[in-house]
Each structure stands twice: as structure tokens, then as C-alpha cells.
file final.pdb (PDB, C-alpha atoms)
MODEL        1
ATOM      1  CA  MET X   1       0.000   0.000   0.000
ATOM      2  CA  ASN X   2       1.289   3.459  -0.891
ATOM      3  CA  ASN X   3       1.863   5.315   2.380
ATOM      4  CA  SER X   4       1.040   8.665   0.754
ATOM      5  CA  ILE X   5      -2.595   7.663   0.212
ATOM      6  CA  PRO X   6      -4.800   8.832   3.118
ATOM      7  CA  ILE X   7      -6.706   5.728   4.231
ATOM      8  CA  LEU X   8     -10.012   6.091   6.061
ATOM      9  CA  PRO X   9     -11.069   3.710   8.815
ATOM     10  CA  VAL X  10     -14.350   1.850   8.327
ATOM     11  CA  SER X  11     -16.454   3.302  11.129
ATOM     12  CA  ALA X  12     -19.646   1.758  12.474
ATOM     13  CA  GLN X  13     -21.601   4.400  10.531
ATOM     14  CA  ILE X  14     -19.849   3.471   7.270
ATOM     15  CA  GLN X  15     -20.391  -0.232   7.923
ATOM     16  CA  THR X  16     -24.101   0.434   8.496
ATOM     17  CA  ALA X  17     -24.241   2.287   5.166
ATOM     18  CA  ARG X  18     -22.507  -0.637   3.439
ATOM     19  CA  ASP X  19     -24.895  -3.147   4.987
ATOM     20  CA  LYS X  20     -28.131  -1.314   4.121
ATOM     21  CA  TRP X  21     -28.381  -2.302   0.456
ATOM     22  CA  ARG X  22     -31.081  -4.813  -0.485
ATOM     23  CA  TYR X  23     -29.473  -6.029  -3.712
ATOM     24  CA  THR X  24     -25.976  -7.465  -4.083
ATOM     25  CA  GLY X  25     -25.855  -8.795  -7.637
ATOM     26  CA  ALA X  26     -26.488 -12.371  -6.518
ATOM     27  CA  GLN X  27     -30.002 -12.439  -7.981
ATOM     28  CA  ARG X  28     -31.886 -10.105 -10.283
ATOM     29  CA  PRO X  29     -35.077  -8.590  -8.869
ATOM     30  CA  ASP X  30     -38.378  -9.329 -10.624
ATOM     31  CA  PHE X  31     -38.456  -5.836 -12.117
ATOM     32  CA  ALA X  32     -35.036  -6.143 -13.831
ATOM     33  CA  GLU X  33     -35.132  -5.785 -17.597
ATOM     34  CA  ALA X  34     -34.343  -8.892 -19.626
ATOM     35  CA  THR X  35     -30.977  -9.132 -21.363
ATOM     36  CA  SER X  36     -30.156 -10.424 -24.812
ATOM     37  CA  ALA X  37     -26.935 -11.194 -26.670
ATOM     38  CA  GLY X  38     -24.561  -8.252 -26.333
ATOM     39  CA  SER X  39     -26.355  -6.656 -23.381
ATOM     40  CA  ILE X  40     -25.583  -6.688 -19.675
ATOM     41  CA  SER X  41     -27.805  -6.171 -16.667
ATOM     42  CA  VAL X  42     -26.747  -3.684 -13.991
ATOM     43  CA  TRP X  43     -28.363  -6.178 -11.627
ATOM     44  CA  ASP X  44     -25.546  -8.653 -12.309
ATOM     45  CA  PHE X  45     -22.926  -6.209 -11.007
ATOM     46  CA  PRO X  46     -21.764  -6.993  -7.457
ATOM     47  CA  ARG X  47     -22.037  -5.156  -4.175
ATOM     48  CA  PRO X  48     -19.546  -4.458  -2.724
ATOM     49  CA  PRO X  49     -18.458  -2.901  -6.018
ATOM     50  CA  VAL X  50     -15.432  -4.070  -8.014
ATOM     51  CA  ILE X  51     -12.822  -2.317 -10.146
ATOM     52  CA  HIS X  52     -12.068  -3.508 -13.694
ATOM     53  CA  LYS X  53      -9.564  -2.391 -16.293
ATOM     54  CA  VAL X  54     -11.396  -0.947 -19.314
ATOM     55  CA  PRO X  55     -10.499  -2.788 -22.559
ATOM     56  CA  VAL X  56     -11.288   0.162 -24.870
ATOM     57  CA  THR X  57     -10.242   3.793 -25.202
ATOM     58  CA  LEU X  58     -12.070   6.333 -23.037
ATOM     59  CA  ARG X  59     -12.331   9.959 -24.100
ATOM     60  CA  ILE X  60     -13.691  13.217 -22.642
ATOM     61  CA  ALA X  61     -14.368  16.385 -24.629
ATOM     62  CA  PHE X  62     -16.045  19.709 -23.920
ATOM     63  CA  LYS X  63     -16.836  22.352 -26.559
ATOM     64  CA  ALA X  64     -14.478  20.706 -29.076
ATOM     65  CA  ARG X  65     -11.626  20.581 -26.523
ATOM     66  CA  GLU X  66     -10.183  17.194 -25.657
ATOM     67  CA  ILE X  67      -9.978  16.939 -21.887
ATOM     68  CA  ALA X  68      -8.869  13.333 -21.419
ATOM     69  CA  LEU X  69      -7.905  10.291 -23.469
ATOM     70  CA  THR X  70      -6.821   6.951 -22.031
ATOM     71  CA  ASP X  71      -6.271   3.310 -22.803
ATOM     72  CA  GLN X  72      -5.563   2.751 -19.088
ATOM     73  CA  GLY X  73      -9.018   3.550 -17.708
ATOM     74  CA  LEU X  74     -10.599   1.818 -14.775
ATOM     75  CA  CYS X  75     -14.280   1.227 -14.220
ATOM     76  CA  VAL X  76     -16.327   0.440 -11.139
ATOM     77  CA  TYR X  77     -19.250  -1.952 -11.368
ATOM     78  CA  GLU X  78     -21.829  -1.804  -8.595
ATOM     79  CA  THR X  79     -25.254  -3.415  -8.349
ATOM     80  CA  ALA X  80     -28.013  -1.358 -10.016
ATOM     81  CA  SER X  81     -25.663   1.423 -11.179
ATOM     82  CA  ALA X  82     -24.235   2.235 -14.565
ATOM     83  CA  PRO X  83     -20.448   1.738 -14.652
ATOM     84  CA  THR X  84     -18.385   4.698 -13.480
ATOM     85  CA  TYR X  85     -15.173   5.305 -15.443
ATOM     86  CA  TYR X  86     -11.944   6.670 -13.974
ATOM     87  CA  PHE X  87      -8.980   8.218 -15.779
ATOM     88  CA  PRO X  88      -5.386   8.141 -14.553
ATOM     89  CA  PRO X  89      -4.318  11.762 -13.905
ATOM     90  CA  GLU X  90      -1.480  11.517 -16.426
ATOM     91  CA  ASP X  91      -4.054  10.986 -19.202
ATOM     92  CA  VAL X  92      -6.045  14.124 -18.334
ATOM     93  CA  ASP X  93      -5.333  17.714 -19.390
ATOM     94  CA  LEU X  94      -4.922  18.977 -15.838
ATOM     95  CA  SER X  95      -4.708  22.571 -17.084
ATOM     96  CA  ALA X  96      -8.453  22.269 -17.873
ATOM     97  CA  LEU X  97      -9.313  21.361 -14.275
ATOM     98  CA  ALA X  98      -9.936  23.356 -11.122
ATOM     99  CA  PHE X  99     -10.156  21.315  -7.932
ATOM    100  CA  GLY X 100     -12.839  22.309  -5.447
ATOM    101  CA  GLU X 101     -13.882  21.318  -1.982
ATOM    102  CA  MET X 102     -14.316  17.849  -0.596
ATOM    103  CA  SER X 103     -18.000  17.378  -1.180
ATOM    104  CA  SER X 104     -19.210  13.857  -0.588
ATOM    105  CA  ILE X 105     -18.361  10.464   0.802
ATOM    106  CA  CYS X 106     -18.989   7.105  -0.806
ATOM    107  CA  GLU X 107     -19.251   4.317   1.729
ATOM    108  CA  TRP X 108     -17.124   2.122  -0.554
ATOM    109  CA  LYS X 109     -14.537   4.436  -2.104
ATOM    110  CA  GLY X 110     -13.958   7.395   0.197
ATOM    111  CA  VAL X 111     -14.108  11.200   0.264
ATOM    112  CA  ALA X 112     -14.547  12.935  -3.097
ATOM    113  CA  GLN X 113     -13.396  16.357  -4.246
ATOM    114  CA  THR X 114     -15.395  18.244  -6.886
ATOM    115  CA  ILE X 115     -13.771  19.321 -10.130
ATOM    116  CA  THR X 116     -14.632  22.147 -12.506
ATOM    117  CA  VAL X 117     -13.727  21.133 -16.063
ATOM    118  CA  ALA X 118     -12.977  23.819 -18.654
ATOM    119  CA  GLY X 119     -15.187  26.253 -16.727
ATOM    120  CA  GLN X 120     -18.030  23.729 -16.322
ATOM    121  CA  PRO X 121     -18.675  23.487 -12.539
ATOM    122  CA  GLY X 122     -19.189  20.091 -10.943
ATOM    123  CA  ALA X 123     -18.280  18.224 -14.124
ATOM    124  CA  GLY X 124     -16.020  15.723 -12.399
ATOM    125  CA  TRP X 125     -14.596  14.447  -9.159
ATOM    126  CA  ARG X 126     -11.725  12.498  -7.692
ATOM    127  CA  TYR X 127     -11.242  10.633  -4.439
ATOM    128  CA  VAL X 128      -8.729  12.211  -2.063
ATOM    129  CA  ARG X 129      -9.221  10.095   1.098
ATOM    130  CA  MET X 130      -9.790   6.411   0.498
ATOM    131  CA  PHE X 131     -11.137   3.267   2.013
ATOM    132  CA  GLU X 132      -8.374   0.702   1.626
ATOM    133  CA  GLU X 133     -10.293  -1.563  -0.790
ATOM    134  CA  PHE X 134     -10.481   1.259  -3.359
ATOM    135  CA  ALA X 135      -7.096   2.934  -2.832
ATOM    136  CA  THR X 136      -6.287   2.101  -6.481
ATOM    137  CA  LEU X 137      -8.624   4.973  -7.460
ATOM    138  CA  PHE X 138      -6.725   7.597  -5.437
ATOM    139  CA  HIS X 139      -6.609  10.804  -7.537
ATOM    140  CA  TYR X 140      -8.052   9.060 -10.598
ATOM    141  CA  ILE X 141     -10.513  11.425 -12.231
ATOM    142  CA  ALA X 142     -14.159  10.680 -13.045
ATOM    143  CA  PHE X 143     -16.436  12.805 -15.228
ATOM    144  CA  TYR X 144     -20.196  13.319 -15.463
ATOM    145  CA  PRO X 145     -21.564  12.459 -18.914
ATOM    146  CA  THR X 146     -24.475  14.829 -18.230
ATOM    147  CA  ARG X 147     -22.021  17.771 -18.303
ATOM    148  CA  LEU X 148     -19.331  16.643 -20.762
ATOM    149  CA  GLU X 149     -18.991  14.460 -23.837
ATOM    150  CA  CYS X 150     -17.916  11.058 -22.537
ATOM    151  CA  TYR X 151     -16.999   8.199 -24.884
ATOM    152  CA  VAL X 152     -16.486   4.474 -24.349
ATOM    153  CA  GLY X 153     -14.728   3.475 -27.542
ATOM    154  CA  ASP X 154     -16.723   5.243 -30.257
ATOM    155  CA  GLU X 155     -19.994   5.320 -28.300
ATOM    156  CA  ARG X 156     -21.044   8.495 -26.543
ATOM    157  CA  ALA X 157     -22.399   7.658 -23.101
ATOM    158  CA  SER X 158     -25.349   9.350 -21.472
ATOM    159  CA  GLY X 159     -25.686  10.065 -17.760
ATOM    160  CA  GLN X 160     -27.087   7.849 -15.071
ATOM    161  CA  PRO X 161     -30.609   8.941 -14.072
ATOM    162  CA  GLY X 162     -31.178  11.373 -11.235
ATOM    163  CA  GLY X 163     -28.121  13.592 -11.532
ATOM    164  CA  PHE X 164     -26.300  12.409  -8.385
ATOM    165  CA  TYR X 165     -24.500   9.303  -9.599
ATOM    166  CA  GLY X 166     -21.773   9.540 -12.218
ATOM    167  CA  GLY X 167     -22.372   6.288 -14.087
ATOM    168  CA  TRP X 168     -22.097   6.166 -17.860
ATOM    169  CA  VAL X 169     -25.078   4.632 -19.649
ATOM    170  CA  THR X 170     -24.304   2.867 -22.915
ATOM    171  CA  GLN X 171     -26.598   1.014 -25.315
ATOM    172  CA  SER X 172     -25.666  -2.415 -23.962
ATOM    173  CA  LEU X 173     -26.867  -1.720 -20.394
ATOM    174  CA  ARG X 174     -30.182  -3.003 -19.101
ATOM    175  CA  GLY X 175     -31.784  -1.693 -15.933
ATOM    176  CA  PRO X 176     -33.672  -0.107 -14.467
ATOM    177  CA  ILE X 177     -30.684   1.914 -13.288
ATOM    178  CA  LYS X 178     -30.283   3.427  -9.814
ATOM    179  CA  GLY X 179     -31.115   7.126  -9.690
ATOM    180  CA  GLU X 180     -34.613   6.808 -11.120
ATOM    181  CA  PRO X 181     -37.518   7.786  -8.826
ATOM    182  CA  GLY X 182     -38.129   5.104  -6.193
ATOM    183  CA  SER X 183     -34.612   3.640  -6.420
ATOM    184  CA  SER X 184     -33.058   5.047  -3.240
ATOM    185  CA  ASP X 185     -32.908   1.648  -1.499
ATOM    186  CA  TRP X 186     -31.565  -0.361  -4.417
TER     187      TRP X 186
ENDMDL
END
call {"tool": "encode", "arguments": {"input": "final.pdb", "output": "C-alpha cells"}}
result
Amino acid sequence: MNNSIPILPVSAQIQTARDKWRYTGAQRPDFAEATSAGSISVWDFPRPPVIHKVPVTLRIAFKAREIALTDQGLCVYETASAPTYYFPPEDVDLSALAFGEMSSICEWKGVAQTITVAGQPGAGWRYVRMFEEFATLFHYIAFYPTRLECYVGDERASGQPGGFYGGWVTQSLRGPIKGEPGSSDW
């Protein structure tokens, strides 16, 4: 473990938040959409979430400006959510970013810091204090596809419903996806 990464302890409050979820990816609920060849259900993703290396190029643009391009992206899969993609800082035009305050905590990953991208407020985030299981994501940068142009390979992703979560929705995903009305306990 890199000693320069601030590691958070798992408090009783965090453990309670981790334990509250009804669905864990072990079984699809009755309301899950059916899949077909080439599609994947967000209900098959696990909880606790997992990190995967992305096998295709990821790209971010805003108003014709390329913000990030990577073949080394990571993605987090979590039950009921669209995948969230993370860029290594060396593959991001850091001159386009302004780092803000620490704004939220994920019970799995850690404390996030907001990022303004090319003048677009709240267009991204990064984790700056980590839970040990997700320390790999320390300072990796994630972007909201509702505020920027986000591409998985050649496909432009749309944003996860609801505006809070940063998942990238692509044509192959089947839901329903967390963030829609009535999904707060998924």
C-alpha cells in the first residue's frame, strides 16, 4: 500500500451504510429488464463494487476541446448502477481542471473532491481520502456524462438517471438503473 494515500477507517456508521443495500448482484429482482446477446444487466454487477480495467479507449471532450484520453481507464461496477469510469491523472489535461472542496463520501470508495472542467462546474470528481479496498482509485478522475462528452470506444455515453451518480449509460446496459424515482434503497 502506498503510504502517501490517506486511508479512512471503516467506522460503524460506514459499515451500516454498506450493509443497508437490499441487492448485491447475486439475484436479479423481478423488475429487472431482460438481457439479450450483447447486453448486460446492472443487476448482475456486485455489491460491494469491483474495479475492472477498461479494454477500450475512453475519451472526454467539452466544446471541441479534448480533456482526457486513455487506454488505461478503470471502471467500477456496482449493483443497479451504470459503470463509473476513472482516468489516470497523467491521461487528463490537468490545465483544464480546477479542484474544489471535498463534497461527498462514498461508503465504498472514500471522500470525493469536486472538479470544474474547462469552466463547467461540478463536471467531475476524484477521491482524495480512500477506504483501503479502493485505494487504487486515489486521484483518478471521473467525469459526469451529463455535463461533458464522454466516450467508451466510439460510443457516446449518457448520464445515469437522477443527476447524483456519475455512471455512464451505454446502449448495452439493461436496468432499471439506480437514480430513477423510487430507487433510493436499491
call {"tool": "residues_around", "arguments": {"input": "final.pdb", "residues": "region 134-151 of chain X", "least_positions_apart": "4", "cutoff": "8 Å", "atoms": "all atoms listed in the file", "output": "number ranges by chain"}}
result
X: 5, 7, 58-62, 84-89, 108-110, 120, 123-130, 155-159, 163, 166-168
call {"tool": "residues_around", "arguments": {"input": "final.pdb", "residues": "Ala98 (chain X)", "least_positions_apart": "5", "cutoff": "7 Å", "atoms": "only C-alpha atoms", "output": "list in words"}}
result
Ile115, Thr116 and Val117 of chain X
call {"tool": "residues_around", "arguments": {"input": "final.pdb", "residues": "Val76 (chain X)", "least_positions_apart": "4", "cutoff": "6 Å", "atoms": "only C-alpha atoms", "output": "PyMOL selection string"}}
result
chain X and resi 50-51+83-84
call {"tool": "resolve_selection", "arguments": {"input": "final.pdb", "expression": "the PyMOL selection byres ((chain X and resi 17) around 12)", "output": "JSON list (two decimals) with C-alpha atoms, keeping the file's coordinate frame"}}
result
[["chain", "number", "residue", "atom", "x", "y", "z"],
["X", 10, "VAL", "CA", -14.35, 1.85, 8.33],
["X", 11, "SER", "CA", -16.45, 3.30, 11.13],
["X", 12, "ALA", "CA", -19.65, 1.76, 12.47],
["X", 13, "GLN", "CA", -21.60, 4.40, 10.53],
["X", 14, "ILE", "CA", -19.85, 3.47, 7.27],
["X", 15, "GLN", "CA", -20.39, -0.23, 7.92],
["X", 16, "THR", "CA", -24.10, 0.43, 8.50],
["X", 18, "ARG", "CA", -22.51, -0.64, 3.44],
["X", 19, "ASP", "CA", -24.90, -3.15, 4.99],
["X", 20, "LYS", "CA", -28.13, -1.31, 4.12],
["X", 21, "TRP", "CA", -28.38, -2.30, 0.46],
["X", 22, "ARG", "CA", -31.08, -4.81, -0.48],
["X", 48, "PRO", "CA", -19.55, -4.46, -2.72],
["X", 105, "ILE", "CA", -18.36, 10.46, 0.80],
["X", 106, "CYS", "CA", -18.99, 7.10, -0.81],
["X", 107, "GLU", "CA", -19.25, 4.32, 1.73],
["X", 108, "TRP", "CA", -17.12, 2.12, -0.55],
["X", 185, "ASP", "CA", -32.91, 1.65, -1.50]]
call {"tool": "residues_around", "arguments": {"input": "final.pdb", "residues": "Pro55 (chain X)", "least_positions_apart": "5", "cutoff": "12 Å", "atoms": "all atoms listed in the file", "output": "number ranges by chain"}}
result
X: 70-75, 85, 152-153
call {"tool": "atom_distance", "arguments": {"input": "final.pdb", "atom1": "CA of Glu132 (chain X)", "atom2": "CA of Glu101 (chain X)"}}
result
21.6 Å
call {"tool": "build_atoms", "arguments": {"input": "final.pdb", "residues": "region 8-23 of chain X", "atoms": "N, CA and C atoms", "output": "PDB file, in the frame of the given file"}}
result
ATOM      1  N   LEU X   8      -8.954   5.862   5.071  1.00  0.00           N
ATOM      2  CA  LEU X   8     -10.012   6.091   6.061  1.00  0.00           C
ATOM      3  C   LEU X   8     -10.322   4.798   6.809  1.00  0.00           C
ATOM      4  N   PRO X   9     -10.602   4.894   8.095  1.00  0.00           N
ATOM      5  CA  PRO X   9     -11.069   3.710   8.815  1.00  0.00           C
ATOM      6  C   PRO X   9     -12.539   3.452   8.476  1.00  0.00           C
ATOM      7  N   VAL X  10     -12.941   2.203   8.533  1.00  0.00           N
ATOM      8  CA  VAL X  10     -14.350   1.850   8.327  1.00  0.00           C
ATOM      9  C   VAL X  10     -15.040   1.958   9.689  1.00  0.00           C
ATOM     10  N   SER X  11     -15.746   3.061   9.871  1.00  0.00           N
ATOM     11  CA  SER X  11     -16.454   3.302  11.129  1.00  0.00           C
ATOM     12  C   SER X  11     -17.734   2.473  11.178  1.00  0.00           C
ATOM     13  N   ALA X  12     -18.359   2.446  12.332  1.00  0.00           N
ATOM     14  CA  ALA X  12     -19.646   1.758  12.474  1.00  0.00           C
ATOM     15  C   ALA X  12     -20.690   2.382  11.555  1.00  0.00           C
ATOM     16  N   GLN X  13     -20.653   3.702  11.414  1.00  0.00           N
ATOM     17  CA  GLN X  13     -21.601   4.400  10.531  1.00  0.00           C
ATOM     18  C   GLN X  13     -21.394   3.998   9.069  1.00  0.00           C
ATOM     19  N   ILE X  14     -20.142   3.900   8.646  1.00  0.00           N
ATOM     20  CA  ILE X  14     -19.849   3.471   7.270  1.00  0.00           C
ATOM     21  C   ILE X  14     -20.274   2.018   7.082  1.00  0.00           C
ATOM     22  N   GLN X  15     -19.993   1.167   8.041  1.00  0.00           N
ATOM     23  CA  GLN X  15     -20.391  -0.232   7.923  1.00  0.00           C
ATOM     24  C   GLN X  15     -21.905  -0.368   7.828  1.00  0.00           C
ATOM     25  N   THR X  16     -22.638   0.436   8.588  1.00  0.00           N
ATOM     26  CA  THR X  16     -24.101   0.434   8.496  1.00  0.00           C
ATOM     27  C   THR X  16     -24.546   0.840   7.097  1.00  0.00           C
ATOM     28  N   ALA X  17     -23.908   1.858   6.533  1.00  0.00           N
ATOM     29  CA  ALA X  17     -24.241   2.287   5.166  1.00  0.00           C
ATOM     30  C   ALA X  17     -23.938   1.181   4.156  1.00  0.00           C
ATOM     31  N   ARG X  18     -22.851   0.468   4.339  1.00  0.00           N
ATOM     32  CA  ARG X  18     -22.507  -0.637   3.439  1.00  0.00           C
ATOM     33  C   ARG X  18     -23.508  -1.782   3.552  1.00  0.00           C
ATOM     34  N   ASP X  19     -24.002  -2.011   4.747  1.00  0.00           N
ATOM     35  CA  ASP X  19     -24.895  -3.147   4.987  1.00  0.00           C
ATOM     36  C   ASP X  19     -26.349  -2.892   4.603  1.00  0.00           C
ATOM     37  N   LYS X  20     -26.714  -1.650   4.312  1.00  0.00           N
ATOM     38  CA  LYS X  20     -28.131  -1.314   4.121  1.00  0.00           C
ATOM     39  C   LYS X  20     -28.719  -1.765   2.789  1.00  0.00           C
ATOM     40  N   TRP X  21     -27.873  -2.042   1.804  1.00  0.00           N
ATOM     41  CA  TRP X  21     -28.381  -2.302   0.456  1.00  0.00           C
ATOM     42  C   TRP X  21     -29.116  -3.623   0.358  1.00  0.00           C
ATOM     43  N   ARG X  22     -30.244  -3.610  -0.322  1.00  0.00           N
ATOM     44  CA  ARG X  22     -31.081  -4.813  -0.485  1.00  0.00           C
ATOM     45  C   ARG X  22     -30.522  -5.755  -1.533  1.00  0.00           C
ATOM     46  N   TYR X  23     -29.910  -5.221  -2.574  1.00  0.00           N
ATOM     47  CA  TYR X  23     -29.473  -6.029  -3.712  1.00  0.00           C
ATOM     48  C   TYR X  23     -27.950  -6.078  -3.770  1.00  0.00           C
TER      49      TYR X  23
END
